[in-house]
Amino acid sequence: MKDFDNKISLPSRFYQYLEKIKESHKLIIKSKDGYHCDSCNSDFKICKQNKRYGETYAKCPVCKKNLVVKSNRKKYYTQDDSFCIIEKFKDHLIFRLFAVKTEYDAPNNYHSEYCEYGRNIYSYESGPLVLVEEVYNDNITATITGKYINYKEIYGSNWKANGSYFYHLGNVSMLYPYNLKKVLKGTKWEYSQIWDFAKHIDYFNISDFLQHKSLEMLIKSKLYNLAYSIINEFDDYLIKLDYKFLHNNLIFVRKNKMDLEEYQLFEKTKIKNIKLIRKYAPDYDNLTQIFFDLKIDLARADNQIKNLKGHIQEYIDYLEICKMLQYDMKDKKILYPEKDIVEEHNRVNSLYEAYKDEVYNNAIKKRAQELKDTIYQSDKFVIFPVKNQRQLINESKQQNNCVKTYAERIANNECDIYFMRSINSKEKSLVTVEVRNNRVVQQRIKNNEDTTNEQKQFLKNWEEKFLKPGLNKGVA
Ligand SMILES: [Zn+2]
């Protein structure tokens, strides 16, 4: 760090850049007479407000800066920002981390300070960016609960390695853009255009950006929001864009400053209607293949289906169910029901439940036929396979167990369910038996309790004599 400090000085536009950040900490003061911009000293009646990072901002109609809005009753307010300057030194990239803090004392009294508090040292020669060391100086107070910037001095020289596993200085900050073209010359980021990106996007994860290969084209095409939302995706390596489609629609995408969700919805639906895209982009992750396979016309769906916004999940479910019910999926009345989608979803869902029950019931009946040779009777007990869905439900009720949920498993040949009963009262449940792979795997009496020795012996005899290989198709 000593070598570095002796050799490297601040980039030429450092103070201009710093002033700009300080200026962005000025407030727009709201009073009963209207607004006052402390940055350009103008008064105005109305301004356009927006929310960012949980704060209310407004765009000053005179100087066009986007500043935090505070009431004139507010006495004291602090803002801080952090930024990073990248330098190249001895085959390493050094990220110099700075912080700027501005304290406001009403009225119109601003005091700012700044400092360099940390450095991240990366090697990059071997290909990817690898963090070699993270160091900080006396501008950081390290406590057991974290690290705090104390603004003790502007430049610290007492550098020490960050030994903490948990508290990193982090890589999300603003990036000083004006030296980058020169610094990155001769590295693999020579054409990355990160300097353009840094001018348009304030906070981002700089090392994540540099790990990316595919952003260059997006930035060259001035699609900064799209690039920004891609580096913010957790599984960004899975994102595949159709670059040909993007290229053909570049003006539309750029003009509307689309982010990733908006673009993906646009790419998949091809709807050139930004209002509609913005309305449904938050639902993009819920759109499964069936939506695209059926070539759903989103404009028509939005127009015809009641309550669609906020209930895309129900709509997708509805389509899946209609398909399972073997409805005509070319019929526009099915695809775009002119009804409340939640009610419509519930309606087809109960139809489907009944349909499923019928399918299961038939499967159970058929299976009982196949198993009729396994029916066995001693002088005390009898055992027989379940004959239909109704019997299964009845057994569940009597035994207080969950056997009725077995219908699907029987229908899928995963297991068989038998009822073992007393000769004297064949209608009354006694033992519920589950068989898989010609073996009794469960034998339960009421309330899932265990069987008596006599009952066990009966089942053992039956298993040996009647459950022959090949008969029971069950799989483990
Ligand atoms: Zn202003």
# chains A, B, ... in the order shown; residues from 1 in each chain; ligands from 1

$ residues_around --residues "stretch 366-380 of chain A" --least-positions-apart "6" --cutoff "7 Å" --atoms "only C-alpha atoms" --output "ChimeraX atom specification"
/A:386-387,422-423,466-467

$ write_last_selection --atoms "N, CA and C atoms" --output "PDB file, in the first residue's frame"
ATOM      1  N   VAL A 386     -59.048 -53.395  -1.339  1.00  0.00           N
ATOM      2  CA  VAL A 386     -60.053 -52.337  -1.441  1.00  0.00           C
ATOM      3  C   VAL A 386     -60.679 -52.395  -2.836  1.00  0.00           C
ATOM      4  N   LYS A 387     -62.027 -52.234  -2.878  1.00  0.00           N
ATOM      5  CA  LYS A 387     -62.719 -52.404  -4.157  1.00  0.00           C
ATOM      6  C   LYS A 387     -63.002 -51.099  -4.871  1.00  0.00           C
ATOM      7  N   SER A 422     -62.650 -59.095  10.972  1.00  0.00           N
ATOM      8  CA  SER A 422     -63.140 -60.291  11.668  1.00  0.00           C
ATOM      9  C   SER A 422     -64.239 -60.951  10.848  1.00  0.00           C
ATOM     10  N   ILE A 423     -64.227 -62.265  10.821  1.00  0.00           N
ATOM     11  CA  ILE A 423     -65.265 -63.020  10.124  1.00  0.00           C
ATOM     12  C   ILE A 423     -66.649 -62.584  10.605  1.00  0.00           C
ATOM     13  N   PHE A 466     -49.938 -66.044  -0.231  1.00  0.00           N
ATOM     14  CA  PHE A 466     -50.741 -65.420  -1.302  1.00  0.00           C
ATOM     15  C   PHE A 466     -50.074 -64.279  -2.076  1.00  0.00           C
ATOM     16  N   LEU A 467     -49.063 -63.679  -1.458  1.00  0.00           N
ATOM     17  CA  LEU A 467     -48.440 -62.562  -2.181  1.00  0.00           C
ATOM     18  C   LEU A 467     -47.252 -63.081  -2.978  1.00  0.00           C
TER      19      LEU A 467
END

$ residues_near_ligand --ligand "ligand 1" --cutoff "7 Å" --atoms "only C-alpha atoms and all ligand atoms" --output "JSON, numbers by chain"
{"A": [37, 38, 39, 40, 41, 42, 60, 61, 62, 63, 64, 65]}

$ write_last_selection --atoms "C-alpha atoms" --output "short mmCIF file (atom, residue, chain, number, x, y, z; two decimals), in the first residue's frame"
data_model
loop_
_atom_site.label_atom_id
_atom_site.label_comp_id
_atom_site.auth_asym_id
_atom_site.auth_seq_id
_atom_site.Cartn_x
_atom_site.Cartn_y
_atom_site.Cartn_z
CA CYS A 37 -34.56 23.65 -4.01
CA ASP A 38 -31.50 24.20 -1.82
CA SER A 39 -29.25 23.24 -4.70
CA CYS A 40 -30.24 25.91 -7.21
CA ASN A 41 -32.18 28.19 -4.83
CA SER A 42 -35.44 28.13 -6.77
CA CYS A 60 -36.35 20.01 -9.29
CA PRO A 61 -38.06 21.58 -12.36
CA VAL A 62 -35.27 24.20 -12.58
CA CYS A 63 -31.94 22.40 -12.10
CA LYS A 64 -33.41 18.94 -12.92
CA LYS A 65 -31.62 17.27 -10.01
#

$ atom_distance --atom1 "atom CA of A:Leu298" --atom2 "atom CA of A:Lys222"
27.9 Å

$ closest_residue --among "A:Ile230, A:Ile321, A:Val68, A:Val183" --to "A:His36" --atoms "only C-alpha atoms"
A:Val68

$ closest_residue --among "A:Ile239, A:Cys47, A:Ala301, A:Ile312" --to "A:Pro337" --atoms "only C-alpha atoms"
A:Ala301
